[in-house]
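Here's the structure we're looking at; comments come further down.
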Protein chains: 2
Amino acid sequence: MPKTIHAPEARRDELVAAAYREIATSGFEGLRTREVAGAVGVNVATLHYYFPTKEDLIRAVVGYAMSRFQSTLAQQGTAMERLRGHFRGLRRLAHEEPELFRVMAELMIRSSRDQKLAEIIRKLNEYWHSTLRSLLRGAKEERALPKDVDPDGMSAVIVATLKGVYLLPERFGPPEALDKALRQLEHTIGLR
Amino acid sequence: MPKTIHAPEARRDELVAAAYREIATSGFEGLRTREVAGAVGVNVATLHYYFPTKEDLIRAVVGYAMSRFQSTLAQQGTAMERLRGHFRGLRRLAHEEPELFRVMAELMIRSSRDQKLAEIIRKLNEYWHSTLRSLLRGAKEERALPKDVDPDGMSAVIVATLKGVYLLPERFGPPEALDKALRQLEHTIGLR
DNA sequence: CTCCTAATCAATCAGATGATTGAATCACGA
DNA sequence: TCGTGATTCAATCATCTGATTGATTAGGAG
């Protein structure tokens, strides 16, 4: 009894979005297929029609979350402009979609127990590292960066700091530490 | 039928340690009271004799994990020596008790859904920040740190980077990124 | 109209899971 | 030796949870 005619894939997407929200608020610890189905207003069996197992649903959520990060590494301007754009993009994303970072944190932790997920995260990290590295190299050629900065090491610091700042924030009290850390980091690499 | 005479609290400690190991390997997602009791070779009811609820057990694990961090902020020498000692202590801890960092990561994530846990983590962070801040100030007075380093901002960067490096590591491939990031960070604050 | 397929639901299953109960068992002091 | 309190266990409960089954409905093809 399909109550409404959906565009193809619409129901599927609804389920993924609901699972994503559930993970953001309750973590994998609290992810229940019934809750997800209920949030969409659909029977559990319908969920299993689209995703044979819970794992299949989780995989779809992973893809959904990953796709949301592509935007923060903009593709134009000088290396310095692109570095600034990256920091700005992350700030915006953290402001507009805080759930995304909660879900990413859950995924990172889970990757130590899920081989396939680990591989996906590893590739994302690698891409992130290499992009930052070449941006830092470019910034050095533009003479916008101190000579004693090693692009390799500094890209590792930036990635680690951004992870620490965005994925393991201090949830109570004002987000002072986040701003302080970002400001100092940007100062260290000459963005301010 | 107590098979062995235990020193008081021994059974209790065994259970906490088992739960700690279980969290390290399976996360909260996979924490089961039966498993914990089984690992100690004891009936589930015995676990509930010591810990009325699963939450009580988790709280005990939190205390156990926290207590393991006190050692890395040694209390003697110049500010620079103590800073080096802190970095060295963390490296040693990560080498000797890698589970500790997996458990800490789980706790940090969970703190966004557990008010009491959040309060505990907040205090730990505060202590960490303020200790680093005063060490950095001391290092500046010892003229071992560049003048343009802001102790407040830099302590935030250090905390965030260490969190990123130790709590959200890239689990596959050699731990290159960890070393690179630490080296660069130490270089930035003049420890190398 | 008839038949087929996609989509959906109510009902149910089997196993897991946190917790409780009541009965043992042991050490120790009176 | 007897009683008492601290521990422990086997058995059981109630509920949760991922998954399956069989029936039902709507829309489109022939």
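Residues in the structure tokens are numbered from 1 in each chain, the chains being A, B, ... in the order shown, and ligands are numbered from 1 in the order shown.
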
If you superpose chain A onto chain B over the full set of Cα atoms in sequence order, what number do you get for the RMSD in Å?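 With chain A fitted onto chain B, the C-alpha RMSD reads 0.1 Å.
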
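Once DA14 in chain C and its same-chain neighbours fewer than 4 positions away are set aside, DT17, DG18, DA19 and DT20 of chain D remain within 12 Å of it when counting only C-alpha atoms (C1' of nucleotides).
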
Those same residues - C-alpha atoms (C1' of nucleotides) - I'd like them written as a tab-separated table (two decimals), in the first residue's frame.
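Generated output (part15.tsv):
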chain	number	residue	atom	x	y	z
D	17	DT	C1'	16.56	-6.37	18.83
D	18	DG	C1'	17.76	-7.82	14.08
D	19	DA	C1'	15.57	-10.32	10.83
D	20	DT	C1'	11.85	-13.13	8.28

Residues within 9 Å of DG18 in chain C, please, as a PyMOL selection string. Count only C-alpha atoms (C1' of nucleotides); anything in the same chain fewer than 6 positions from it doesn't count. chain B and resi 32-33+53-54

Would you mind exporting the chosen residues as a PDB file, in the first residue's frame, restricted to N, CA and C atoms?
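Final output, saved to again.pdb:
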ATOM      1  N   ARG B  32      29.227  -6.091  27.113  1.00  0.00           N
ATOM      2  CA  ARG B  32      28.148  -6.947  27.607  1.00  0.00           C
ATOM      3  C   ARG B  32      28.513  -7.455  28.988  1.00  0.00           C
ATOM      4  N   THR B  33      27.567  -7.324  29.906  1.00  0.00           N
ATOM      5  CA  THR B  33      27.866  -7.750  31.277  1.00  0.00           C
ATOM      6  C   THR B  33      28.259  -9.226  31.340  1.00  0.00           C
ATOM      7  N   THR B  53      24.138  -1.868  38.621  1.00  0.00           N
ATOM      8  CA  THR B  53      23.749  -1.671  37.228  1.00  0.00           C
ATOM      9  C   THR B  53      24.987  -1.571  36.346  1.00  0.00           C
ATOM     10  N   LYS B  54      24.762  -1.739  35.088  1.00  0.00           N
ATOM     11  CA  LYS B  54      25.847  -1.642  34.111  1.00  0.00           C
ATOM     12  C   LYS B  54      26.497  -0.257  34.186  1.00  0.00           C
TER      13      LYS B  54
END

Give me the chain D side of the contact with chain A, cut-off 7 Å, one line per residue showing its nearest atom pair and distance in Å at one decimal, counting only C-alpha atoms (C1' of nucleotides), sorted by chain and residue number, as a Markdown table.
| residue | atom | partner | partner_atom | distance |
| --- | --- | --- | --- | --- |
| D:DT24 | C1' | A:Met1 | CA | 6.9 |
| D:DT25 | C1' | A:Met1 | CA | 4.0 |
| D:DA26 | C1' | A:Met1 | CA | 6.2 |

Could you work out which residues of chain B fall inside 7 Å of chain A? Count only C-alpha atoms, and format the result as a PDB file with N, CA and C atoms, in the first residue's frame.
ATOM      1  N   PHE B  28      31.965   0.706  23.666  1.00  0.00           N
ATOM      2  CA  PHE B  28      30.735   0.619  24.448  1.00  0.00           C
ATOM      3  C   PHE B  28      29.685  -0.155  23.679  1.00  0.00           C
ATOM      4  N   GLU B  29      29.767  -0.031  22.356  1.00  0.00           N
ATOM      5  CA  GLU B  29      28.848  -0.748  21.474  1.00  0.00           C
ATOM      6  C   GLU B  29      28.849  -2.245  21.790  1.00  0.00           C
ATOM      7  N   MET B 108      35.547  10.025  25.567  1.00  0.00           N
ATOM      8  CA  MET B 108      35.346  11.382  25.044  1.00  0.00           C
ATOM      9  C   MET B 108      34.088  11.446  24.192  1.00  0.00           C
ATOM     10  N   ILE B 109      33.957  10.472  23.311  1.00  0.00           N
ATOM     11  CA  ILE B 109      32.781  10.450  22.446  1.00  0.00           C
ATOM     12  C   ILE B 109      31.517  10.314  23.287  1.00  0.00           C
ATOM     13  N   SER B 112      29.444  13.207  25.214  1.00  0.00           N
ATOM     14  CA  SER B 112      28.437  14.102  24.646  1.00  0.00           C
ATOM     15  C   SER B 112      27.032  13.601  24.936  1.00  0.00           C
ATOM     16  N   ARG B 122      35.572  17.265  31.377  1.00  0.00           N
ATOM     17  CA  ARG B 122      35.798  18.703  31.350  1.00  0.00           C
ATOM     18  C   ARG B 122      36.879  19.096  32.357  1.00  0.00           C
ATOM     19  N   GLY B 153      46.922  30.224  23.554  1.00  0.00           N
ATOM     20  CA  GLY B 153      46.585  29.617  22.266  1.00  0.00           C
ATOM     21  C   GLY B 153      47.388  28.352  22.021  1.00  0.00           C
ATOM     22  N   MET B 154      48.665  28.404  22.378  1.00  0.00           N
ATOM     23  CA  MET B 154      49.510  27.249  22.078  1.00  0.00           C
ATOM     24  C   MET B 154      49.132  26.044  22.922  1.00  0.00           C
ATOM     25  N   ALA B 156      46.221  25.311  23.781  1.00  0.00           N
ATOM     26  CA  ALA B 156      45.033  24.767  23.116  1.00  0.00           C
ATOM     27  C   ALA B 156      45.431  23.942  21.890  1.00  0.00           C
ATOM     28  N   VAL B 157      46.440  24.444  21.150  1.00  0.00           N
ATOM     29  CA  VAL B 157      46.910  23.694  19.984  1.00  0.00           C
ATOM     30  C   VAL B 157      47.518  22.362  20.413  1.00  0.00           C
ATOM     31  N   ALA B 160      44.804  19.905  21.496  1.00  0.00           N
ATOM     32  CA  ALA B 160      44.043  19.420  20.339  1.00  0.00           C
ATOM     33  C   ALA B 160      44.885  18.457  19.501  1.00  0.00           C
ATOM     34  N   THR B 161      46.134  18.810  19.278  1.00  0.00           N
ATOM     35  CA  THR B 161      46.980  17.954  18.455  1.00  0.00           C
ATOM     36  C   THR B 161      47.222  16.608  19.122  1.00  0.00           C
ATOM     37  N   LYS B 163      45.349  15.130  21.254  1.00  0.00           N
ATOM     38  CA  LYS B 163      44.105  14.361  21.152  1.00  0.00           C
ATOM     39  C   LYS B 163      43.991  13.741  19.765  1.00  0.00           C
ATOM     40  N   GLY B 164      44.191  14.558  18.753  1.00  0.00           N
ATOM     41  CA  GLY B 164      44.054  14.066  17.385  1.00  0.00           C
ATOM     42  C   GLY B 164      45.032  12.941  17.100  1.00  0.00           C
ATOM     43  N   VAL B 165      46.251  13.112  17.591  1.00  0.00           N
ATOM     44  CA  VAL B 165      47.309  12.148  17.295  1.00  0.00           C
ATOM     45  C   VAL B 165      47.114  10.834  18.048  1.00  0.00           C
ATOM     46  N   LEU B 168      42.714   9.625  17.771  1.00  0.00           N
ATOM     47  CA  LEU B 168      42.119   9.325  16.461  1.00  0.00           C
ATOM     48  C   LEU B 168      43.213   8.985  15.465  1.00  0.00           C
ATOM     49  N   GLU B 170      45.556   6.993  12.659  1.00  0.00           N
ATOM     50  CA  GLU B 170      45.255   6.208  11.467  1.00  0.00           C
ATOM     51  C   GLU B 170      45.744   4.797  11.733  1.00  0.00           C
ATOM     52  N   ARG B 171      44.804   3.895  11.795  1.00  0.00           N
ATOM     53  CA  ARG B 171      45.115   2.572  12.333  1.00  0.00           C
ATOM     54  C   ARG B 171      45.851   1.677  11.354  1.00  0.00           C
ATOM     55  N   ALA B 177      52.399   9.395  10.540  1.00  0.00           N
ATOM     56  CA  ALA B 177      51.752  10.676  10.781  1.00  0.00           C
ATOM     57  C   ALA B 177      51.905  11.090  12.241  1.00  0.00           C
ATOM     58  N   LYS B 180      55.501  12.345  12.711  1.00  0.00           N
ATOM     59  CA  LYS B 180      55.689  13.614  11.998  1.00  0.00           C
ATOM     60  C   LYS B 180      55.028  14.758  12.747  1.00  0.00           C
ATOM     61  N   ALA B 181      53.785  14.530  13.140  1.00  0.00           N
ATOM     62  CA  ALA B 181      53.052  15.591  13.815  1.00  0.00           C
ATOM     63  C   ALA B 181      53.722  15.965  15.130  1.00  0.00           C
ATOM     64  N   GLN B 184      57.013  17.897  14.512  1.00  0.00           N
ATOM     65  CA  GLN B 184      56.787  19.282  14.084  1.00  0.00           C
ATOM     66  C   GLN B 184      56.261  20.126  15.239  1.00  0.00           C
ATOM     67  N   LEU B 185      55.354  19.538  16.018  1.00  0.00           N
ATOM     68  CA  LEU B 185      54.793  20.276  17.149  1.00  0.00           C
ATOM     69  C   LEU B 185      55.896  20.611  18.147  1.00  0.00           C
TER      70      LEU B 185
END

Among range 75-184 of chain B, which ones does DSSP assign to helix (DSSP H, G or I) (computed from the backbone)? Answer as an mmCIF file with C-alpha atoms, in the first residue's frame.
data_model
loop_
_atom_site.group_PDB
_atom_site.id
_atom_site.type_symbol
_atom_site.label_atom_id
_atom_site.label_comp_id
_atom_site.auth_asym_id
_atom_site.auth_seq_id
_atom_site.Cartn_x
_atom_site.Cartn_y
_atom_site.Cartn_z
ATOM 1 C CA ALA B 79 59.467 24.274 32.513
ATOM 2 C CA MET B 80 61.167 23.040 29.357
ATOM 3 C CA GLU B 81 62.225 19.826 31.051
ATOM 4 C CA ARG B 82 58.739 19.263 32.316
ATOM 5 C CA LEU B 83 57.276 19.910 28.871
ATOM 6 C CA ARG B 84 59.662 17.379 27.368
ATOM 7 C CA GLY B 85 58.743 14.995 30.162
ATOM 8 C CA HIS B 86 55.076 15.334 29.309
ATOM 9 C CA PHE B 87 55.643 14.478 25.657
ATOM 10 C CA ARG B 88 57.927 11.603 26.625
ATOM 11 C CA GLY B 89 55.419 10.315 29.148
ATOM 12 C CA LEU B 90 52.626 10.251 26.577
ATOM 13 C CA ARG B 91 54.808 8.422 24.078
ATOM 14 C CA ARG B 92 55.707 5.834 26.689
ATOM 15 C CA LEU B 93 52.081 5.427 27.737
ATOM 16 C CA ALA B 94 50.956 5.026 24.124
ATOM 17 C CA HIS B 95 53.582 2.347 23.687
ATOM 18 C CA GLU B 96 52.978 0.483 26.916
ATOM 19 C CA PRO B 98 47.679 1.459 23.788
ATOM 20 C CA GLU B 99 44.305 0.254 25.115
ATOM 21 C CA LEU B 100 44.197 3.252 27.411
ATOM 22 C CA PHE B 101 43.897 5.598 24.457
ATOM 23 C CA ARG B 102 41.194 3.553 22.820
ATOM 24 C CA VAL B 103 39.197 3.651 26.039
ATOM 25 C CA MET B 104 39.787 7.386 26.440
ATOM 26 C CA ALA B 105 38.563 7.984 22.905
ATOM 27 C CA GLU B 106 35.407 6.030 23.685
ATOM 28 C CA LEU B 107 34.899 8.057 26.841
ATOM 29 C CA MET B 108 35.346 11.382 25.044
ATOM 30 C CA ILE B 109 32.781 10.450 22.446
ATOM 31 C CA ARG B 110 30.389 9.160 25.052
ATOM 32 C CA GLN B 115 26.302 14.519 31.544
ATOM 33 C CA LYS B 116 28.242 13.125 34.492
ATOM 34 C CA LEU B 117 30.994 11.758 32.302
ATOM 35 C CA ALA B 118 31.147 15.090 30.484
ATOM 36 C CA GLU B 119 31.799 16.864 33.753
ATOM 37 C CA ILE B 120 34.680 14.520 34.576
ATOM 38 C CA ILE B 121 36.234 14.954 31.147
ATOM 39 C CA ARG B 122 35.798 18.703 31.350
ATOM 40 C CA LYS B 123 37.791 18.833 34.570
ATOM 41 C CA LEU B 124 40.540 16.685 33.105
ATOM 42 C CA ASN B 125 40.772 18.996 30.101
ATOM 43 C CA GLU B 126 40.851 22.053 32.283
ATOM 44 C CA TYR B 127 43.680 20.657 34.381
ATOM 45 C CA TRP B 128 45.606 19.686 31.268
ATOM 46 C CA HIS B 129 45.161 23.118 29.688
ATOM 47 C CA SER B 130 46.128 25.086 32.751
ATOM 48 C CA THR B 131 49.172 22.942 33.412
ATOM 49 C CA LEU B 132 50.421 23.370 29.859
ATOM 50 C CA ARG B 133 49.663 27.077 29.946
ATOM 51 C CA SER B 134 51.783 27.652 33.026
ATOM 52 C CA LEU B 135 54.563 25.463 31.638
ATOM 53 C CA LEU B 136 54.593 27.515 28.438
ATOM 54 C CA ARG B 137 54.655 30.742 30.425
ATOM 55 C CA GLY B 138 57.554 29.364 32.428
ATOM 56 C CA ALA B 139 59.382 28.400 29.255
ATOM 57 C CA LYS B 140 58.983 31.929 27.954
ATOM 58 C CA GLU B 141 60.518 33.329 31.128
ATOM 59 C CA PRO B 151 50.762 30.379 25.930
ATOM 60 C CA ASP B 152 46.993 30.319 25.965
ATOM 61 C CA GLY B 153 46.585 29.617 22.266
ATOM 62 C CA MET B 154 49.510 27.249 22.078
ATOM 63 C CA SER B 155 48.315 25.129 24.989
ATOM 64 C CA ALA B 156 45.033 24.767 23.116
ATOM 65 C CA VAL B 157 46.910 23.694 19.984
ATOM 66 C CA ILE B 158 48.974 21.188 21.927
ATOM 67 C CA VAL B 159 45.950 19.641 23.610
ATOM 68 C CA ALA B 160 44.043 19.420 20.339
ATOM 69 C CA THR B 161 46.980 17.954 18.455
ATOM 70 C CA LEU B 162 47.747 15.371 21.116
ATOM 71 C CA LYS B 163 44.105 14.361 21.152
ATOM 72 C CA GLY B 164 44.054 14.066 17.385
ATOM 73 C CA VAL B 165 47.309 12.148 17.295
ATOM 74 C CA TYR B 166 46.695 9.738 20.134
ATOM 75 C CA LEU B 167 42.924 9.323 20.175
ATOM 76 C CA GLU B 176 54.271 7.903 10.403
ATOM 77 C CA ALA B 177 51.752 10.676 10.781
ATOM 78 C CA LEU B 178 51.932 10.409 14.538
ATOM 79 C CA ASP B 179 55.706 10.857 14.592
ATOM 80 C CA LYS B 180 55.689 13.614 11.998
ATOM 81 C CA ALA B 181 53.052 15.591 13.815
ATOM 82 C CA LEU B 182 54.728 15.245 17.184
ATOM 83 C CA ARG B 183 58.126 16.175 15.787
ATOM 84 C CA GLN B 184 56.787 19.282 14.084
#

Kindly give the distance, in Å, that separates CA of Val16 in chain B and CA of Val61 in chain B, rounded to a single decimal. 5.7 Å

What residues in chain C have any atom no more than 8 Å from chain A when counting only C-alpha atoms (C1' of nucleotides), and can you write them as a list in words? DA7, DT8 and DC9 of chain C

Please report the interatomic distance between C1' of DA29 in chain D and CA of Arg12 in chain A in Å with one decimal.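 Taking C1' of DA29 in chain D and CA of Arg12 in chain A, their separation equals 25.7 Å.
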
Range 11-16 of chain D: which residues within 9 Å, counting only C-alpha atoms (C1' of nucleotides), same-chain residues fewer than 2 positions away excluded, as a VMD selection string? chain C and resid 16 to 17 19 to 21

Next, dump the selected residues to file, keeping only all heavy atoms, as a short mmCIF file (atom, residue, chain, number, x, y, z; two decimals), in the first residue's frame.
data_model
loop_
_atom_site.label_atom_id
_atom_site.label_comp_id
_atom_site.auth_asym_id
_atom_site.auth_seq_id
_atom_site.Cartn_x
_atom_site.Cartn_y
_atom_site.Cartn_z
P DA C 16 22.69 -15.69 20.90
OP1 DA C 16 24.03 -15.63 20.27
OP2 DA C 16 22.37 -16.67 21.95
"O5'" DA C 16 22.36 -14.23 21.45
"C5'" DA C 16 22.38 -13.15 20.52
"C4'" DA C 16 22.04 -11.86 21.22
"O4'" DA C 16 20.67 -11.91 21.69
"C3'" DA C 16 22.90 -11.52 22.44
"O3'" DA C 16 23.16 -10.14 22.35
"C2'" DA C 16 21.98 -11.89 23.63
"C1'" DA C 16 20.61 -11.55 23.06
N9 DA C 16 19.46 -12.29 23.61
C8 DA C 16 19.27 -13.64 23.64
N7 DA C 16 18.12 -14.01 24.16
C5 DA C 16 17.51 -12.81 24.49
C6 DA C 16 16.26 -12.51 25.08
N6 DA C 16 15.37 -13.44 25.45
N1 DA C 16 15.96 -11.20 25.28
C2 DA C 16 16.86 -10.27 24.90
N3 DA C 16 18.05 -10.44 24.33
C4 DA C 16 18.31 -11.75 24.16
P DT C 17 24.33 -9.49 23.17
OP1 DT C 17 24.85 -8.36 22.37
OP2 DT C 17 25.23 -10.56 23.65
"O5'" DT C 17 23.59 -8.87 24.42
"C5'" DT C 17 22.47 -8.04 24.20
"C4'" DT C 17 21.80 -7.70 25.51
"O4'" DT C 17 20.73 -8.63 25.76
"C3'" DT C 17 22.72 -7.77 26.73
"O3'" DT C 17 22.72 -6.51 27.35
"C2'" DT C 17 22.08 -8.84 27.63
"C1'" DT C 17 20.63 -8.80 27.15
N1 DT C 17 19.86 -10.06 27.39
C2 DT C 17 18.56 -9.95 27.86
O2 DT C 17 18.02 -8.89 28.06
N3 DT C 17 17.93 -11.14 28.06
C4 DT C 17 18.44 -12.41 27.86
O4 DT C 17 17.77 -13.42 28.08
C5 DT C 17 19.82 -12.45 27.39
C7 DT C 17 20.48 -13.76 27.14
C6 DT C 17 20.44 -11.29 27.18
P DA C 19 21.34 -3.31 34.29
OP1 DA C 19 20.88 -1.96 34.65
OP2 DA C 19 22.75 -3.69 34.50
"O5'" DA C 19 20.41 -4.36 35.06
"C5'" DA C 19 19.01 -4.26 34.88
"C4'" DA C 19 18.32 -5.42 35.59
"O4'" DA C 19 18.63 -6.65 34.92
"C3'" DA C 19 18.74 -5.61 37.05
"O3'" DA C 19 17.64 -5.26 37.88
"C2'" DA C 19 19.11 -7.09 37.15
"C1'" DA C 19 18.56 -7.69 35.88
N9 DA C 19 19.33 -8.82 35.37
C8 DA C 19 20.63 -8.82 34.94
N7 DA C 19 21.06 -9.99 34.54
C5 DA C 19 19.97 -10.83 34.72
C6 DA C 19 19.78 -12.20 34.49
N6 DA C 19 20.72 -13.02 34.00
N1 DA C 19 18.56 -12.72 34.78
C2 DA C 19 17.63 -11.91 35.27
N3 DA C 19 17.68 -10.60 35.53
C4 DA C 19 18.89 -10.11 35.23
P DT C 20 17.76 -5.42 39.48
OP1 DT C 20 16.89 -4.40 40.07
OP2 DT C 20 19.18 -5.52 39.88
"O5'" DT C 20 17.08 -6.85 39.74
"C5'" DT C 20 15.86 -7.13 39.08
"C4'" DT C 20 15.33 -8.48 39.54
"O4'" DT C 20 16.06 -9.54 38.88
"C3'" DT C 20 15.48 -8.74 41.05
"O3'" DT C 20 14.21 -9.18 41.54
"C2'" DT C 20 16.55 -9.82 41.15
"C1'" DT C 20 16.41 -10.54 39.81
N1 DT C 20 17.65 -11.17 39.28
C2 DT C 20 17.62 -12.49 38.90
O2 DT C 20 16.63 -13.20 38.98
N3 DT C 20 18.80 -12.96 38.40
C4 DT C 20 19.99 -12.26 38.25
O4 DT C 20 20.98 -12.81 37.80
C5 DT C 20 19.95 -10.89 38.68
C7 DT C 20 21.16 -10.05 38.58
C6 DT C 20 18.79 -10.41 39.17
P DT C 21 14.04 -9.37 43.16
OP1 DT C 21 12.74 -8.77 43.49
OP2 DT C 21 15.26 -8.91 43.86
"O5'" DT C 21 13.93 -10.94 43.34
"C5'" DT C 21 13.45 -11.73 42.27
"C4'" DT C 21 13.60 -13.20 42.60
"O4'" DT C 21 14.77 -13.73 41.95
"C3'" DT C 21 13.76 -13.49 44.09
"O3'" DT C 21 12.93 -14.57 44.47
"C2'" DT C 21 15.24 -13.84 44.24
"C1'" DT C 21 15.55 -14.45 42.88
N1 DT C 21 16.97 -14.32 42.45
C2 DT C 21 17.58 -15.39 41.83
O2 DT C 21 17.02 -16.45 41.62
N3 DT C 21 18.88 -15.16 41.46
C4 DT C 21 19.61 -14.00 41.65
O4 DT C 21 20.77 -13.92 41.28
C5 DT C 21 18.91 -12.93 42.31
C7 DT C 21 19.61 -11.64 42.57
C6 DT C 21 17.64 -13.14 42.68
#

The distance between CA of Phe51 in chain B and CA of Glu14 in chain B is 12.3 Å

Exercise: DC28 in chain C partners within 12 Å, only C-alpha atoms (C1' of nucleotides), chain neighbours under 5 positions left out, as a short mmCIF file (atom, residue, chain, number, x, y, z; two decimals) with all heavy atoms, in the first residue's frame:
data_model
loop_
_atom_site.label_atom_id
_atom_site.label_comp_id
_atom_site.auth_asym_id
_atom_site.auth_seq_id
_atom_site.Cartn_x
_atom_site.Cartn_y
_atom_site.Cartn_z
P DC D 2 25.29 -27.89 66.36
OP1 DC D 2 24.50 -28.86 67.15
OP2 DC D 2 25.61 -28.16 64.94
"O5'" DC D 2 24.61 -26.47 66.47
"C5'" DC D 2 24.86 -25.65 67.62
"C4'" DC D 2 24.79 -24.19 67.21
"O4'" DC D 2 26.11 -23.71 66.88
"C3'" DC D 2 23.91 -23.92 65.99
"O3'" DC D 2 22.97 -22.91 66.32
"C2'" DC D 2 24.90 -23.51 64.91
"C1'" DC D 2 26.05 -22.92 65.71
N1 DC D 2 27.40 -23.01 65.07
C2 DC D 2 28.28 -21.93 65.18
O2 DC D 2 27.95 -20.94 65.82
N3 DC D 2 29.51 -22.03 64.60
C4 DC D 2 29.85 -23.13 63.91
N4 DC D 2 31.07 -23.17 63.37
C5 DC D 2 28.96 -24.23 63.78
C6 DC D 2 27.75 -24.12 64.36
P DG D 3 21.87 -22.45 65.28
OP1 DG D 3 20.58 -22.38 65.99
OP2 DG D 3 22.00 -23.26 64.04
"O5'" DG D 3 22.37 -20.97 65.01
"C5'" DG D 3 22.84 -20.17 66.09
"C4'" DG D 3 23.47 -18.92 65.55
"O4'" DG D 3 24.78 -19.22 64.97
"C3'" DG D 3 22.67 -18.25 64.43
"O3'" DG D 3 22.79 -16.85 64.58
"C2'" DG D 3 23.35 -18.74 63.17
"C1'" DG D 3 24.81 -18.79 63.61
N9 DG D 3 25.66 -19.73 62.89
C8 DG D 3 25.36 -21.01 62.47
N7 DG D 3 26.36 -21.61 61.88
C5 DG D 3 27.39 -20.67 61.92
C6 DG D 3 28.71 -20.75 61.43
O6 DG D 3 29.26 -21.69 60.86
N1 DG D 3 29.42 -19.56 61.66
C2 DG D 3 28.90 -18.46 62.28
N2 DG D 3 29.72 -17.41 62.41
N3 DG D 3 27.66 -18.37 62.76
C4 DG D 3 26.97 -19.52 62.53
P DT D 4 21.72 -15.91 63.93
OP1 DT D 4 21.00 -15.26 65.05
OP2 DT D 4 20.97 -16.64 62.88
"O5'" DT D 4 22.64 -14.81 63.23
"C5'" DT D 4 23.93 -14.49 63.79
"C4'" DT D 4 24.83 -13.95 62.71
"O4'" DT D 4 25.69 -15.00 62.17
"C3'" DT D 4 24.08 -13.36 61.51
"O3'" DT D 4 24.63 -12.08 61.21
"C2'" DT D 4 24.34 -14.35 60.38
"C1'" DT D 4 25.72 -14.89 60.77
N1 DT D 4 26.06 -16.23 60.19
C2 DT D 4 27.35 -16.47 59.77
O2 DT D 4 28.22 -15.65 59.85
N3 DT D 4 27.56 -17.73 59.26
C4 DT D 4 26.62 -18.75 59.12
O4 DT D 4 26.94 -19.85 58.65
C5 DT D 4 25.30 -18.42 59.58
C7 DT D 4 24.21 -19.46 59.47
C6 DT D 4 25.07 -17.18 60.09
P DG D 5 23.82 -11.07 60.32
OP1 DG D 5 23.42 -9.94 61.18
OP2 DG D 5 22.80 -11.83 59.55
"O5'" DG D 5 24.95 -10.58 59.31
"C5'" DG D 5 26.26 -10.31 59.79
"C4'" DG D 5 27.25 -10.54 58.66
"O4'" DG D 5 27.38 -11.97 58.40
"C3'" DG D 5 26.84 -9.89 57.34
"O3'" DG D 5 27.99 -9.31 56.75
"C2'" DG D 5 26.33 -11.06 56.51
"C1'" DG D 5 27.21 -12.21 57.01
N9 DG D 5 26.62 -13.54 56.85
C8 DG D 5 25.33 -13.91 57.13
N7 DG D 5 25.10 -15.17 56.90
C5 DG D 5 26.31 -15.66 56.43
C6 DG D 5 26.67 -16.97 56.03
O6 DG D 5 25.96 -18.00 55.99
N1 DG D 5 28.00 -17.04 55.64
C2 DG D 5 28.88 -15.98 55.64
N2 DG D 5 30.13 -16.23 55.23
N3 DG D 5 28.55 -14.75 56.02
C4 DG D 5 27.26 -14.67 56.41
P DA D 6 27.85 -8.34 55.54
OP1 DA D 6 28.36 -7.01 55.96
OP2 DA D 6 26.50 -8.47 54.97
"O5'" DA D 6 28.89 -8.96 54.51
"C5'" DA D 6 30.16 -9.36 54.98
"C4'" DA D 6 30.78 -10.34 54.00
"O4'" DA D 6 30.07 -11.61 54.07
"C3'" DA D 6 30.71 -9.90 52.54
"O3'" DA D 6 31.95 -10.20 51.93
"C2'" DA D 6 29.57 -10.75 51.97
"C1'" DA D 6 29.71 -12.03 52.77
N9 DA D 6 28.49 -12.83 52.90
C8 DA D 6 27.26 -12.41 53.34
N7 DA D 6 26.35 -13.37 53.37
C5 DA D 6 27.03 -14.49 52.92
C6 DA D 6 26.64 -15.83 52.71
N6 DA D 6 25.39 -16.28 52.96
N1 DA D 6 27.56 -16.70 52.24
C2 DA D 6 28.79 -16.25 52.00
N3 DA D 6 29.29 -15.02 52.16
C4 DA D 6 28.34 -14.18 52.63
#
